[in-house]
file coords.pdb (PDB, C-alpha atoms)
ATOM      1  CA  MET I   1     112.547 122.589 165.699
ATOM      2  CA  ILE I   2     112.705 124.967 162.711
ATOM      3  CA  GLY I   3     116.384 125.551 161.942
ATOM      4  CA  ALA I   4     117.487 122.130 163.234
ATOM      5  CA  THR I   5     119.444 119.791 160.982
ATOM      6  CA  GLY I   6     118.996 116.049 160.645
ATOM      7  CA  VAL I   7     119.764 113.066 158.444
ATOM      8  CA  VAL I   8     117.395 111.378 155.991
ATOM      9  CA  THR I   9     116.736 107.773 157.088
ATOM     10  CA  LEU I  10     114.098 107.013 154.432
ATOM     11  CA  ALA I  11     114.461 108.815 151.088
ATOM     12  CA  ILE I  12     112.011 111.689 150.545
ATOM     13  CA  PRO I  13     110.388 111.444 147.091
ATOM     14  CA  GLY I  14     109.540 115.151 146.850
ATOM     15  CA  GLY I  15     106.107 116.771 146.812
ATOM     16  CA  ASP I  16     103.411 115.224 149.020
ATOM     17  CA  PRO I  17     104.847 111.698 149.598
ATOM     18  CA  LEU I  18     106.686 111.336 152.907
ATOM     19  CA  GLY I  19     110.131 110.121 153.868
ATOM     20  CA  GLU I  20     111.790 110.041 157.285
ATOM     21  CA  VAL I  21     114.413 112.175 159.031
ATOM     22  CA  GLU I  22     116.318 111.581 162.271
ATOM     23  CA  LEU I  23     116.872 114.678 164.455
ATOM     24  CA  ALA I  24     118.821 115.193 167.672
ATOM     25  CA  VAL I  25     116.244 116.041 170.358
ATOM     26  CA  GLY I  26     116.851 116.507 174.084
ATOM     27  CA  GLY I  27     120.100 114.553 174.280
ATOM     28  CA  GLY I  28     118.794 111.689 172.124
ATOM     29  CA  THR I  29     117.437 111.203 168.619
ATOM     30  CA  GLU I  30     113.924 110.979 167.248
ATOM     31  CA  ARG I  31     112.585 110.172 163.804
ATOM     32  CA  TYR I  32     109.971 112.307 162.086
ATOM     33  CA  LEU I  33     108.012 111.910 158.876
ATOM     34  CA  ALA I  34     109.314 114.441 156.375
ATOM     35  CA  THR I  35     108.334 116.147 153.158
ATOM     36  CA  ALA I  36     110.399 118.238 150.735
ATOM     37  CA  ALA I  37     109.703 120.203 147.550
ATOM     38  CA  GLU I  38     112.312 118.172 145.644
ATOM     39  CA  PRO I  39     113.527 114.575 146.172
ATOM     40  CA  VAL I  40     116.157 114.096 148.907
ATOM     41  CA  GLU I  41     118.290 110.948 148.974
ATOM     42  CA  LEU I  42     119.102 108.644 151.891
ATOM     43  CA  ASP I  43     121.818 109.813 154.347
ATOM     44  CA  ARG I  44     121.593 113.432 153.147
ATOM     45  CA  THR I  45     121.771 116.200 155.766
ATOM     46  CA  VAL I  46     118.655 118.389 155.738
ATOM     47  CA  LEU I  47     117.433 121.601 157.383
ATOM     48  CA  VAL I  48     113.985 121.797 158.988
ATOM     49  CA  ILE I  49     112.064 124.704 157.444
ATOM     50  CA  GLY I  50     108.534 123.947 158.669
ATOM     51  CA  VAL I  51     106.429 121.827 161.021
ATOM     52  CA  ARG I  52     103.048 120.251 160.265
ATOM     53  CA  PRO I  53     100.603 118.442 162.557
ATOM     54  CA  GLY I  54     101.204 114.743 163.189
ATOM     55  CA  ARG I  55     105.010 114.783 163.612
ATOM     56  CA  VAL I  56     105.587 115.821 159.999
ATOM     57  CA  ILE I  57     108.391 118.237 159.188
ATOM     58  CA  GLU I  58     109.215 120.136 156.017
ATOM     59  CA  VAL I  59     112.891 120.005 155.022
ATOM     60  CA  GLU I  60     115.343 121.073 152.346
ATOM     61  CA  PRO I  61     118.878 119.856 151.624
ATOM     62  CA  TRP I  62     121.490 121.454 153.892
ATOM     63  CA  PHE I  63     124.864 122.565 152.623
ATOM     64  CA  PRO I  64     127.138 123.401 155.587
ATOM     65  CA  ALA I  65     129.536 126.299 155.122
ATOM     66  CA  PRO I  66     133.082 125.196 154.273
ATOM     67  CA  ALA I  67     135.460 125.199 157.230
TER      68      ALA I  67
END
call {"tool": "encode", "arguments": {"input": "coords.pdb", "output": "structure tokens"}}
result
Amino acid sequence: MIGATGVVTLAIPGGDPLGEVELAVGGGTERYLATAAEPVELDRTVLVIGVRPGRVIEVEPWFPAPA
């Protein structure tokens, strides 16, 4: 899961409070609780940088390379 990208479906406040991210998994989508060092707004694309117990992922904002 580390290295996957997803979309924030519930804003992540930053620090310990959790938000929610939707990831493409096995041909479908699943939502995971998410934490980030800094706040991340709704509908922002994020990169998974860590996994914690209890379906919690650590993310950071993702900036795709220009085409």
call {"tool": "resolve_selection", "arguments": {"input": "coords.pdb", "expression": "the PyMOL selection byres ((chain I and resi 61) around 10)", "output": "mmCIF file with C-alpha atoms, in the coordinates of the input"}}
result
data_model
loop_
_atom_site.group_PDB
_atom_site.id
_atom_site.type_symbol
_atom_site.label_atom_id
_atom_site.label_comp_id
_atom_site.auth_asym_id
_atom_site.auth_seq_id
_atom_site.Cartn_x
_atom_site.Cartn_y
_atom_site.Cartn_z
ATOM 1 C CA THR I 5 119.444 119.791 160.982
ATOM 2 C CA GLY I 6 118.996 116.049 160.645
ATOM 3 C CA VAL I 7 119.764 113.066 158.444
ATOM 4 C CA VAL I 8 117.395 111.378 155.991
ATOM 5 C CA ALA I 36 110.399 118.238 150.735
ATOM 6 C CA GLU I 38 112.312 118.172 145.644
ATOM 7 C CA PRO I 39 113.527 114.575 146.172
ATOM 8 C CA VAL I 40 116.157 114.096 148.907
ATOM 9 C CA GLU I 41 118.290 110.948 148.974
ATOM 10 C CA ARG I 44 121.593 113.432 153.147
ATOM 11 C CA THR I 45 121.771 116.200 155.766
ATOM 12 C CA VAL I 46 118.655 118.389 155.738
ATOM 13 C CA LEU I 47 117.433 121.601 157.383
ATOM 14 C CA VAL I 48 113.985 121.797 158.988
ATOM 15 C CA VAL I 59 112.891 120.005 155.022
ATOM 16 C CA GLU I 60 115.343 121.073 152.346
ATOM 17 C CA TRP I 62 121.490 121.454 153.892
ATOM 18 C CA PHE I 63 124.864 122.565 152.623
ATOM 19 C CA PRO I 64 127.138 123.401 155.587
#
call {"tool": "residues_near_point", "arguments": {"input": "coords.pdb", "point": "(112.4, 111.0, 155.1)", "cutoff": "8 Å", "atoms": "only C-alpha atoms", "output": "VMD selection string"}}
result
chain I and resid 8 to 12 18 to 21 32 to 35 40 42
call {"tool": "atom_distance", "arguments": {"input": "coords.pdb", "atom1": "CA of Val51 in chain I", "atom2": "CA of Gly28 in chain I"}}
result
19.5 Å
call {"tool": "atom_distance", "arguments": {"input": "coords.pdb", "atom1": "CA of Arg52 in chain I", "atom2": "CA of Pro13 in chain I"}}
result
17.5 Å
call {"tool": "atom_distance", "arguments": {"input": "coords.pdb", "atom1": "CA of Glu30 in chain I", "atom2": "CA of Pro17 in chain I"}}
result
19.9 Å
call {"tool": "closest_residue", "arguments": {"input": "coords.pdb", "among": "I:Ile49, I:Val56, I:Pro66, I:Met1", "to": "Gly26 in chain I", "atoms": "only C-alpha atoms"}}
result
I:Met1
call {"tool": "axis_aligned_box", "arguments": {"input": "coords.pdb", "around": "range 52-60 of chain I", "padding_each_side": "4 Å", "output": "AutoDock Vina command-line options"}}
result
--center_x 108.0 --center_y 117.9 --center_z 158.0 --size_x 22.7 --size_y 14.3 --size_z 19.3
call {"tool": "closest_residue", "arguments": {"input": "coords.pdb", "among": "I:Leu23, I:Asp43, I:Ala37, I:Arg31", "to": "Glu58 in chain I", "atoms": "all atoms listed in the file"}}
result
I:Ala37
